[in-house]
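Reproduced below: target11.txt, with compact mmCIF, C-alpha atoms.
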# COMPACT_ATOMS: atom_id res chain seq x y z
CA MET N 1 -11.82 5.77 -33.68
CA ALA N 2 -14.04 3.43 -31.64
CA PRO N 3 -12.92 2.69 -28.07
CA LYS N 4 -11.54 -0.82 -27.68
CA LYS N 5 -13.21 -3.08 -25.17
CA ARG N 6 -10.69 -4.25 -22.63
CA PRO N 7 -10.98 -7.35 -20.43
CA GLU N 8 -11.91 -6.62 -16.82
CA THR N 9 -11.00 -8.65 -13.77
CA GLN N 10 -12.88 -8.92 -10.51
CA LYS N 11 -9.83 -7.89 -8.51
CA THR N 12 -10.11 -4.32 -7.26
CA SER N 13 -6.95 -2.43 -8.06
CA GLU N 14 -5.32 0.62 -6.59
CA ILE N 15 -6.00 3.87 -8.38
CA VAL N 16 -3.42 6.48 -9.01
CA LEU N 17 -3.10 10.21 -9.46
CA ARG N 18 -1.10 10.63 -12.63
CA PRO N 19 1.11 13.45 -13.94
CA ARG N 20 0.44 14.42 -17.54
CA ASN N 21 3.99 15.23 -18.65
CA MET N 22 4.90 11.65 -19.58
CA ARG N 23 5.85 11.27 -23.20
CA SER N 24 6.80 8.35 -25.42
CA ARG N 25 6.30 5.65 -22.82
CA SER N 26 4.04 2.63 -22.78
CA PRO N 27 1.09 2.34 -20.33
CA ARG N 28 2.98 -0.35 -18.42
CA GLU N 29 5.92 1.99 -17.91
CA LEU N 30 3.57 4.77 -16.84
CA GLU N 31 1.70 2.85 -14.15
CA PRO N 32 4.43 2.81 -11.43
CA GLU N 33 4.97 6.55 -11.80
CA ALA N 34 1.23 7.15 -11.82
CA LYS N 35 1.13 6.34 -8.12
CA LYS N 36 2.56 9.76 -7.30
CA LEU N 37 0.62 13.00 -7.22
CA CYS N 38 2.49 15.33 -9.53
CA ALA N 39 1.65 18.83 -10.61
CA LYS N 40 2.47 21.35 -13.22
CA GLY N 41 1.59 25.01 -13.58
CA SER N 42 -1.18 26.04 -15.91
CA GLY N 43 -0.33 27.17 -19.40
CA PRO N 44 -0.82 30.68 -20.76
CA SER N 45 -4.36 31.94 -21.14
CA ARG N 46 -5.81 33.00 -24.44
CA ARG N 47 -9.13 34.38 -25.56
CA CYS N 48 -11.87 32.70 -27.54
CA ASP N 49 -13.96 34.15 -30.36
CA SER N 50 -16.49 35.57 -27.89
CA ASP N 51 -13.65 37.45 -26.13
CA CYS N 52 -14.08 35.41 -22.95
CA LEU N 53 -11.26 33.83 -20.99
CA TRP N 54 -10.04 30.45 -22.14
CA ALA N 55 -8.31 28.61 -19.34
CA GLY N 56 -5.09 27.09 -20.70
CA LEU N 57 -4.36 23.75 -19.03
CA ALA N 58 -1.01 21.99 -18.84
CA GLY N 59 -1.53 19.58 -15.96
CA PRO N 60 -2.65 19.12 -12.36
CA GLN N 61 -2.08 22.15 -10.17
CA ILE N 62 0.33 22.12 -7.24
CA LEU N 63 -1.63 22.28 -4.02
CA PRO N 64 -0.19 24.39 -1.22
CA PRO N 65 0.15 22.82 2.22
CA CYS N 66 -3.28 22.33 3.76
CA ARG N 67 -4.03 24.68 6.64
CA SER N 68 -5.90 23.47 9.71
CA ILE N 69 -9.65 23.61 9.03
CA VAL N 70 -10.32 24.01 12.76
CA ARG N 71 -7.98 27.01 12.85
CA THR N 72 -9.65 28.55 9.77
CA LEU N 73 -13.12 28.10 11.29
CA HIS N 74 -11.91 29.64 14.53
CA GLN N 75 -10.54 32.65 12.62
CA HIS N 76 -13.90 33.00 10.86
CA LYS N 77 -15.73 32.93 14.19
CA LEU N 78 -13.48 35.71 15.44
CA GLY N 79 -14.18 37.72 12.29
CA ARG N 80 -10.62 37.39 11.00
CA ALA N 81 -11.44 35.17 8.01
CA SER N 82 -14.15 35.60 5.40
CA TRP N 83 -16.55 32.78 4.55
CA PRO N 84 -15.12 32.38 1.01
CA SER N 85 -11.69 31.75 2.54
CA VAL N 86 -13.25 29.08 4.79
CA GLN N 87 -14.85 27.44 1.76
CA GLN N 88 -11.55 27.53 -0.09
CA GLY N 89 -9.82 25.90 2.87
CA LEU N 90 -12.42 23.14 2.99
CA GLN N 91 -12.08 22.55 -0.75
CA GLN N 92 -8.30 22.45 -0.50
CA SER N 93 -8.55 19.91 2.31
CA PHE N 94 -10.86 17.74 0.19
CA LEU N 95 -8.50 17.88 -2.79
CA HIS N 96 -5.70 16.58 -0.59
CA THR N 97 -7.82 13.51 0.23
CA LEU N 98 -8.23 12.57 -3.43
CA ASP N 99 -4.76 10.97 -3.50
CA SER N 100 -6.17 8.24 -1.25
CA TYR N 101 -9.22 7.50 -3.42
CA ARG N 102 -9.49 3.88 -4.55
CA ILE N 103 -12.17 1.71 -6.15
CA LEU N 104 -14.20 0.59 -3.18
CA GLN N 105 -16.54 -1.69 -5.14
CA LYS N 106 -17.25 -2.68 -8.72
CA ALA N 107 -20.38 -4.16 -10.31
CA ALA N 108 -21.27 -5.32 -13.82
CA PRO N 109 -25.01 -6.02 -13.57
CA PHE N 110 -26.08 -5.27 -17.15
CA ASP N 111 -25.79 -6.96 -20.53
CA ARG N 112 -25.63 -3.51 -22.15
CA ARG N 113 -23.74 -0.37 -21.16
CA ALA N 114 -24.85 1.90 -18.31
CA THR N 115 -26.54 5.07 -19.57
CA SER N 116 -27.69 6.98 -16.48
CA LEU N 117 -27.12 7.15 -12.74
CA ALA N 118 -28.60 8.98 -9.76
CA TRP N 119 -27.59 9.08 -6.10
CA HIS N 120 -30.18 8.60 -3.39
CA PRO N 121 -30.82 12.09 -1.94
CA THR N 122 -30.53 11.04 1.72
CA HIS N 123 -28.72 7.69 1.76
CA PRO N 124 -25.04 8.28 0.89
CA SER N 125 -24.26 4.65 -0.05
CA THR N 126 -27.21 4.03 -2.38
CA VAL N 127 -27.14 4.68 -6.11
CA ALA N 128 -29.57 3.88 -8.94
CA VAL N 129 -28.19 3.03 -12.38
CA GLY N 130 -30.01 2.55 -15.68
CA SER N 131 -28.80 0.70 -18.78
CA LYS N 132 -29.22 0.81 -22.54
CA GLY N 133 -31.45 -2.26 -22.30
CA GLY N 134 -33.85 -0.52 -19.90
CA ASP N 135 -32.60 -2.39 -16.81
CA ILE N 136 -32.43 -0.43 -13.54
CA MET N 137 -30.37 -1.38 -10.50
CA LEU N 138 -30.77 0.05 -6.99
CA TRP N 139 -27.48 -0.65 -5.26
CA ASN N 140 -26.70 -0.08 -1.59
CA PHE N 141 -23.00 -0.89 -1.71
CA GLY N 142 -22.68 -0.35 2.05
CA ILE N 143 -24.30 -3.73 2.72
CA LYS N 144 -23.79 -7.19 1.25
CA ASP N 145 -27.44 -7.74 0.30
CA LYS N 146 -28.21 -8.38 -3.35
CA PRO N 147 -29.06 -5.15 -5.25
CA THR N 148 -32.64 -4.53 -6.36
CA PHE N 149 -32.89 -5.18 -10.09
CA ILE N 150 -35.67 -4.21 -12.50
CA LYS N 151 -35.49 -5.94 -15.88
CA GLY N 152 -35.95 -3.77 -18.97
CA ILE N 153 -37.30 -4.59 -22.41
CA GLY N 154 -33.86 -4.97 -23.99
CA ALA N 155 -33.05 -3.29 -27.30
CA GLY N 156 -34.84 0.06 -27.58
CA GLY N 157 -35.43 0.49 -23.87
CA SER N 158 -32.44 2.69 -22.99
CA ILE N 159 -32.86 4.69 -19.75
CA THR N 160 -31.92 8.25 -20.73
CA GLY N 161 -32.75 10.03 -17.46
CA LEU N 162 -33.10 8.89 -13.86
CA LYS N 163 -34.20 10.85 -10.76
CA PHE N 164 -35.35 9.76 -7.32
CA ASN N 165 -38.79 11.06 -6.36
CA PRO N 166 -37.93 13.82 -3.83
CA LEU N 167 -41.30 13.31 -2.11
CA ASN N 168 -40.95 9.52 -1.82
CA THR N 169 -37.48 8.05 -2.27
CA ASN N 170 -38.87 4.54 -2.71
CA GLN N 171 -39.90 5.75 -6.17
CA PHE N 172 -38.07 7.19 -9.16
CA TYR N 173 -38.71 9.05 -12.39
CA ALA N 174 -37.27 7.65 -15.63
CA SER N 175 -37.22 8.80 -19.24
CA SER N 176 -36.46 6.23 -21.90
CA MET N 177 -36.16 5.38 -25.57
CA GLU N 178 -39.16 3.15 -24.99
CA GLY N 179 -41.12 6.36 -25.53
CA THR N 180 -42.21 7.28 -22.01
CA THR N 181 -41.33 9.47 -19.05
CA ARG N 182 -42.77 7.71 -16.03
CA LEU N 183 -42.87 7.31 -12.24
CA GLN N 184 -42.02 3.83 -10.94
CA ASP N 185 -41.29 2.06 -7.69
CA PHE N 186 -38.43 -0.35 -7.12
CA LYS N 187 -40.77 -3.33 -7.29
CA GLY N 188 -41.12 -2.62 -10.99
CA ASN N 189 -44.60 -1.08 -10.83
CA ILE N 190 -45.33 1.89 -13.11
CA LEU N 191 -47.25 4.36 -10.96
CA ARG N 192 -47.84 7.09 -13.53
CA VAL N 193 -46.91 7.83 -17.14
CA PHE N 194 -46.22 11.55 -17.49
CA ALA N 195 -45.45 11.60 -21.21
CA SER N 196 -45.82 9.05 -23.96
CA SER N 197 -44.90 9.37 -27.63
CA ASP N 198 -47.00 6.43 -28.91
CA THR N 199 -44.57 6.07 -31.81
CA ILE N 200 -41.20 4.40 -32.26
CA ASN N 201 -39.83 7.51 -33.99
CA ILE N 202 -40.04 9.76 -30.91
CA TRP N 203 -38.51 9.03 -27.52
CA PHE N 204 -37.54 10.93 -24.40
CA CYS N 205 -33.90 11.85 -23.79
CA SER N 206 -33.84 13.81 -20.53
CA LEU N 207 -35.79 14.76 -17.42
CA ASP N 208 -35.63 16.77 -14.21
CA VAL N 209 -37.85 17.15 -11.16
CA SER N 210 -38.52 19.97 -8.67
CA ALA N 211 -39.89 19.13 -5.24
CA SER N 212 -40.65 22.73 -4.19
CA SER N 213 -42.73 23.59 -7.26
CA ARG N 214 -43.86 19.97 -7.80
CA MET N 215 -42.91 20.01 -11.48
CA VAL N 216 -41.56 17.44 -13.94
CA VAL N 217 -39.83 18.50 -17.16
CA THR N 218 -38.79 16.18 -19.99
CA GLY N 219 -37.28 16.60 -23.47
CA ASP N 220 -37.49 14.39 -26.57
CA ASN N 221 -35.42 13.55 -29.64
CA VAL N 222 -37.11 16.05 -31.99
CA GLY N 223 -36.68 19.16 -29.84
CA ASN N 224 -39.86 19.21 -27.77
CA VAL N 225 -39.88 20.04 -24.05
CA ILE N 226 -42.88 19.13 -21.89
CA LEU N 227 -43.64 20.67 -18.49
CA LEU N 228 -46.03 18.84 -16.14
CA ASN N 229 -47.03 19.00 -12.51
CA MET N 230 -46.51 15.97 -10.29
CA ASP N 231 -50.17 15.03 -10.64
CA GLY N 232 -49.51 14.38 -14.31
CA LYS N 233 -51.25 17.47 -15.71
CA GLU N 234 -49.48 18.87 -18.78
CA LEU N 235 -48.78 22.61 -18.43
CA TRP N 236 -47.24 23.05 -21.87
CA ASN N 237 -45.61 21.11 -24.70
CA LEU N 238 -43.43 23.21 -27.00
CA ARG N 239 -40.72 22.66 -29.58
CA MET N 240 -37.86 24.62 -28.00
CA HIS N 241 -34.98 23.27 -30.12
CA LYS N 242 -34.49 22.25 -33.74
CA LYS N 243 -33.04 18.85 -32.77
CA LYS N 244 -32.81 16.38 -29.89
CA VAL N 245 -32.95 17.81 -26.35
CA THR N 246 -30.09 15.99 -24.64
CA HIS N 247 -30.46 17.55 -21.20
CA VAL N 248 -32.94 19.56 -19.14
CA ALA N 249 -32.08 21.07 -15.74
CA LEU N 250 -34.13 23.09 -13.24
CA ASN N 251 -32.16 25.56 -11.15
CA PRO N 252 -31.90 24.14 -7.58
CA CYS N 253 -32.43 27.57 -6.00
CA CYS N 254 -34.84 29.17 -8.51
CA ASP N 255 -36.90 26.29 -9.85
CA TRP N 256 -38.67 28.52 -12.36
CA PHE N 257 -35.28 28.81 -14.12
CA LEU N 258 -34.76 26.09 -16.75
CA ALA N 259 -31.74 25.19 -18.92
CA THR N 260 -32.10 22.99 -22.02
CA ALA N 261 -29.24 21.54 -24.10
CA SER N 262 -29.49 20.19 -27.61
CA VAL N 263 -27.56 18.69 -30.50
CA ASP N 264 -28.56 21.82 -32.44
CA GLN N 265 -25.42 23.34 -30.82
CA THR N 266 -27.28 25.58 -28.38
CA VAL N 267 -28.09 25.77 -24.70
CA LYS N 268 -31.13 27.88 -23.84
CA ILE N 269 -32.20 29.40 -20.53
CA TRP N 270 -35.90 29.92 -19.85
CA ASP N 271 -38.13 31.57 -17.26
CA LEU N 272 -40.95 29.05 -16.84
CA ARG N 273 -43.28 31.85 -15.74
CA GLN N 274 -42.90 33.59 -19.10
CA VAL N 275 -42.69 30.78 -21.66
CA ARG N 276 -44.98 31.57 -24.58
CA GLY N 277 -43.22 29.81 -27.45
CA LYS N 278 -39.89 28.73 -28.89
CA ALA N 279 -38.65 32.32 -29.11
CA SER N 280 -39.40 33.26 -25.49
CA PHE N 281 -36.08 32.09 -24.05
CA LEU N 282 -34.09 34.47 -21.83
CA TYR N 283 -30.70 33.49 -23.29
CA SER N 284 -29.43 31.34 -26.14
CA LEU N 285 -25.85 30.14 -25.66
CA PRO N 286 -24.32 29.02 -28.98
CA HIS N 287 -21.67 26.27 -28.96
CA ARG N 288 -19.21 25.07 -31.58
CA HIS N 289 -20.53 21.49 -31.42
CA PRO N 290 -23.65 19.58 -30.28
CA VAL N 291 -24.12 19.70 -26.51
CA ASN N 292 -24.45 16.66 -24.21
CA ALA N 293 -25.35 18.38 -20.95
CA ALA N 294 -26.08 21.65 -19.16
CA CYS N 295 -26.35 21.54 -15.37
CA PHE N 296 -26.58 24.22 -12.70
CA SER N 297 -24.17 24.35 -9.78
CA PRO N 298 -25.58 23.42 -6.35
CA ASP N 299 -25.96 27.12 -5.44
CA GLY N 300 -27.66 27.82 -8.78
CA ALA N 301 -25.23 30.61 -9.67
CA ARG N 302 -23.34 28.81 -12.43
CA LEU N 303 -24.07 26.62 -15.43
CA LEU N 304 -21.76 23.84 -16.65
CA THR N 305 -22.02 22.65 -20.26
CA THR N 306 -20.35 19.71 -22.02
CA ASP N 307 -20.21 19.54 -25.80
CA GLN N 308 -19.68 16.41 -27.91
CA LYS N 309 -16.06 17.01 -28.76
CA SER N 310 -13.52 18.99 -26.79
CA GLU N 311 -14.96 21.82 -24.71
CA ILE N 312 -16.40 22.34 -21.26
CA ARG N 313 -17.89 25.74 -20.48
CA VAL N 314 -18.77 27.52 -17.24
CA TYR N 315 -21.35 30.32 -17.32
CA SER N 316 -22.17 32.66 -14.44
CA ALA N 317 -25.43 34.30 -13.38
CA SER N 318 -23.64 37.65 -13.59
CA GLN N 319 -23.52 37.28 -17.40
CA TRP N 320 -25.32 34.22 -18.74
CA ASP N 321 -24.68 35.09 -22.39
CA CYS N 322 -20.85 34.89 -22.17
CA PRO N 323 -18.91 31.95 -20.72
CA LEU N 324 -16.92 32.71 -17.61
CA GLY N 325 -14.38 30.10 -18.71
CA LEU N 326 -13.72 27.56 -21.46
CA ILE N 327 -11.87 24.36 -20.62
CA PRO N 328 -10.36 22.38 -23.51
CA HIS N 329 -10.91 18.70 -22.75
CA PRO N 330 -11.09 15.55 -24.97
CA HIS N 331 -14.45 13.75 -24.67
CA ARG N 332 -15.57 13.29 -28.27
CA HIS N 333 -18.83 11.62 -29.18
CA PHE N 334 -19.01 8.04 -30.38
CA GLN N 335 -22.22 6.23 -31.30
CA HIS N 336 -21.65 3.20 -29.08
CA LEU N 337 -20.42 5.17 -26.08
CA THR N 338 -22.64 6.71 -23.41
CA PRO N 339 -22.30 10.49 -23.97
CA ILE N 340 -19.74 12.00 -21.61
CA LYS N 341 -21.18 14.59 -19.22
CA ALA N 342 -19.29 16.80 -16.79
CA ALA N 343 -20.82 17.26 -13.32
CA TRP N 344 -20.44 19.54 -10.31
CA HIS N 345 -19.23 18.43 -6.91
CA PRO N 346 -22.22 18.92 -4.54
CA ARG N 347 -20.25 20.92 -1.94
CA TYR N 348 -17.22 22.45 -3.60
CA ASN N 349 -16.61 24.45 -6.75
CA LEU N 350 -15.14 21.45 -8.56
CA ILE N 351 -15.96 19.78 -11.88
CA VAL N 352 -15.56 16.05 -12.56
CA VAL N 353 -15.50 14.54 -16.07
CA GLY N 354 -14.24 11.43 -17.86
CA ARG N 355 -11.47 11.69 -20.47
CA TYR N 356 -11.59 10.07 -23.91
CA PRO N 357 -8.09 10.73 -25.36
CA ASP N 358 -8.19 12.13 -28.89
CA PRO N 359 -5.07 11.93 -31.10
CA ASN N 360 -6.25 15.09 -32.86
CA PHE N 361 -6.48 17.03 -29.59
CA LYS N 362 -3.76 19.66 -29.30
CA SER N 363 -2.34 18.53 -25.96
CA CYS N 364 -2.69 14.78 -26.57
CA THR N 365 0.38 12.76 -25.54
CA PRO N 366 1.40 9.22 -26.58
CA TYR N 367 -0.31 6.51 -24.51
CA GLU N 368 -2.58 9.03 -22.81
CA LEU N 369 -4.75 7.31 -20.23
CA ARG N 370 -8.55 7.33 -19.88
CA THR N 371 -8.67 9.16 -16.59
CA ILE N 372 -11.34 10.87 -14.53
CA ASP N 373 -10.39 14.54 -14.38
CA VAL N 374 -11.18 17.02 -11.61
CA PHE N 375 -11.09 20.76 -12.42
CA ASP N 376 -11.34 23.87 -10.29
CA GLY N 377 -14.60 25.62 -11.23
CA ASN N 378 -13.12 29.10 -10.71
CA SER N 379 -9.81 28.89 -12.53
CA GLY N 380 -10.47 25.98 -14.89
CA LYS N 381 -7.21 24.38 -13.74
CA MET N 382 -6.98 20.62 -13.54
CA MET N 383 -6.49 19.64 -9.91
CA CYS N 384 -5.99 15.88 -10.27
CA GLN N 385 -6.73 12.76 -12.31
CA LEU N 386 -8.02 9.41 -11.04
CA TYR N 387 -7.00 6.20 -12.80
CA ASP N 388 -7.18 2.48 -12.16
CA PRO N 389 -4.98 0.26 -14.40
CA GLU N 390 -7.45 -2.63 -14.13
CA SER N 391 -10.49 -0.46 -14.91
CA SER N 392 -9.07 1.52 -17.78
CA GLY N 393 -12.19 2.10 -19.87
CA ILE N 394 -13.89 5.43 -20.57
CA SER N 395 -15.90 6.74 -17.60
CA SER N 396 -18.79 8.50 -19.33
CA LEU N 397 -20.73 9.45 -16.21
CA ASN N 398 -19.13 10.51 -12.92
CA GLU N 399 -21.09 11.90 -9.98
CA PHE N 400 -20.33 12.45 -6.30
CA ASN N 401 -22.93 11.48 -3.73
CA PRO N 402 -24.78 14.31 -1.88
CA MET N 403 -22.20 14.26 0.94
CA GLY N 404 -19.43 14.65 -1.64
CA ASP N 405 -17.16 11.92 -0.27
CA THR N 406 -17.94 9.04 -2.67
CA LEU N 407 -17.79 9.00 -6.48
CA ALA N 408 -19.85 6.74 -8.76
CA SER N 409 -18.67 6.13 -12.33
CA ALA N 410 -20.39 4.46 -15.27
CA MET N 411 -17.73 2.81 -17.42
CA GLY N 412 -19.21 0.72 -20.20
CA TYR N 413 -20.93 -2.28 -18.58
CA HIS N 414 -19.40 -1.48 -15.20
CA VAL N 415 -20.41 0.70 -12.26
CA LEU N 416 -17.47 1.80 -10.09
CA ILE N 417 -17.57 3.23 -6.58
CA TRP N 418 -14.56 5.35 -5.60
CA SER N 419 -13.81 6.35 -2.02
CA GLN N 420 -10.95 7.03 0.36
CA GLU N 421 -8.65 4.13 1.16
CA GLU N 422 -9.40 4.61 4.87
CA ALA N 423 -13.12 4.09 4.24
CA ARG N 424 -12.33 0.94 2.27
CA THR N 425 -10.26 -0.42 5.17
CA ARG N 426 -13.07 0.24 7.67
CA LYS N 427 -15.54 -1.70 5.54

Same coordinates, now as structure tokens:
Amino acid sequence: MAPKKRPETQKTSEIVLRPRNMRSRSPRELEPEAKKLCAKGSGPSRRCDSDCLWAGLAGPQILPPCRSIVRTLHQHKLGRASWPSVQQGLQQSFLHTLDSYRILQKAAPFDRRATSLAWHPTHPSTVAVGSKGGDIMLWNFGIKDKPTFIKGIGAGGSITGLKFNPLNTNQFYASSMEGTTRLQDFKGNILRVFASSDTINIWFCSLDVSASSRMVVTGDNVGNVILLNMDGKELWNLRMHKKKVTHVALNPCCDWFLATASVDQTVKIWDLRQVRGKASFLYSLPHRHPVNAACFSPDGARLLTTDQKSEIRVYSASQWDCPLGLIPHPHRHFQHLTPIKAAWHPRYNLIVVGRYPDPNFKSCTPYELRTIDVFDGNSGKMMCQLYDPESSGISSLNEFNPMGDTLASAMGYHVLIWSQEEARTRK
């Protein structure tokens, strides 16, 4: 079923953390109760076909009272608390702040839906967003100045990948359906074309960049992956998948480690130092459905994959060929919807992903809302859900800024910035 377009207002509304055990009530009846943070224990676990743990989810988890972070750090300094316990305390403290998250700002700059977004690596209030029409907006929402806007070609110009240049943040890399992967500045100048298809039948669907090894990698719609250096020299061009390469990701800690995701229902892991052909992958991770994304955790030790229907997987470096956990989650694919992709929090072991309620999904309830869900990366338990009654569309892309305190969401034509209510009051 196609998602219905709902009218949006310019008024910024309060978001809510919603319990999931509400049955047979209308959305209007649910909204007052959605203002409370409720929790429910996780359901029983069961095992998947590969004999790996499937995390059964029944609702947001009850958070224990937050301990003093200062006290925990002091105990660690005295040798009485391990570093993992400190990290867990910090994560727990952050989760308690999510009940105060609200929409700080909202923008609708495009005439077509948003298709990609990237946070500035050093400026925590600046985000770049690309659209299906090829438009790109650089938005510093911390100031009232007009955002920088680069006009695209319109139909056929969809921005499929967007990355700031780590060596010069006044520039960015973009892959597009226009048939190029290129380096541009925010004045609209194309500085270098790294890959070009020269045909309307082939376009580029994904890209990633490594500053330490000075490499650019991009994938196209027929299964090819191209590796180049930042000077534009092509190192190799190989067909690594049978169908479209939806996502490419270089490991942030071992940049010779590459993950590629495809609609051929596989994710493959490669050692760039040993690539000789399509069969030279280190691991092939089969999925039940086409895959939208595969991204490494900030420490490089885990891999998060999102399929095109109802499953999120977490793989670990200890055993890449078997998922550490499987999270059932409705986010089915629809042609006129930007593909939903789960993402890691940059500092904590948390996963954020938009929900597209599916009446055929086992745990679907009547009037289920289109929330943004946050999961624990270790247990697979849902920790909370964010929802705004006046911005109730499907949030396809959700990413925290590098500091981890602000969330950007792409919801149809809109770009939403979520932050703590206290931060909103200060501004």

Contacts of Met403 in chain N at 9 Å (only C-alpha atoms; same-chain gap of 3+ positions) as a PDB file with C-alpha atoms, in the coordinates of the input:
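Once written, selection19.pdb looks like this:
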ATOM      1  CA  THR N 122     -30.530  11.040   1.720  1.00  0.00           C
ATOM      2  CA  PRO N 124     -25.040   8.280   0.890  1.00  0.00           C
ATOM      3  CA  PRO N 346     -22.220  18.920  -4.540  1.00  0.00           C
ATOM      4  CA  ARG N 347     -20.250  20.920  -1.940  1.00  0.00           C
ATOM      5  CA  PHE N 400     -20.330  12.450  -6.300  1.00  0.00           C
ATOM      6  CA  THR N 406     -17.940   9.040  -2.670  1.00  0.00           C
TER       7      THR N 406
END

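Atom pair CA of Ser131 in chain N / CA of Ala118 in chain N: separated by 12.2 Å.
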
Check: Once you count all atoms listed in the file, which residues end up no further than 8 Å from (-33.3, 9.3, -9.4) in the file's frame, shown as a PyMOL selection string?
Finding: chain N and resi 117-120+128+162-165+172-174

Check: Quick one, how far is CA of Gln184 in chain N from CA of Trp270 in chain N?
Finding: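 Going from CA of Gln184 in chain N over to CA of Trp270 in chain N, I get 28.2 Å.
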
Margin query: Just want the 7 Å neighbourhood of Arg112 in chain N, counted on all atoms listed in the file, with same-chain residues fewer than 4 positions away dropped. Output as a PyMOL selection string.
Written below: chain N and resi 131-133+413

Item checked: Polymer residues at most 12 Å from (-36.6, 35.0, -17.9) by all atoms listed in the file, as a VMD selection string -> chain N and resid 254 to 259 268 to 276 279 to 284 320

Check: What separation in Å, quoted to one decimal, exists between CA of Asp307 in chain N and CA of Arg288 in chain N?
Finding: 8.1 Å
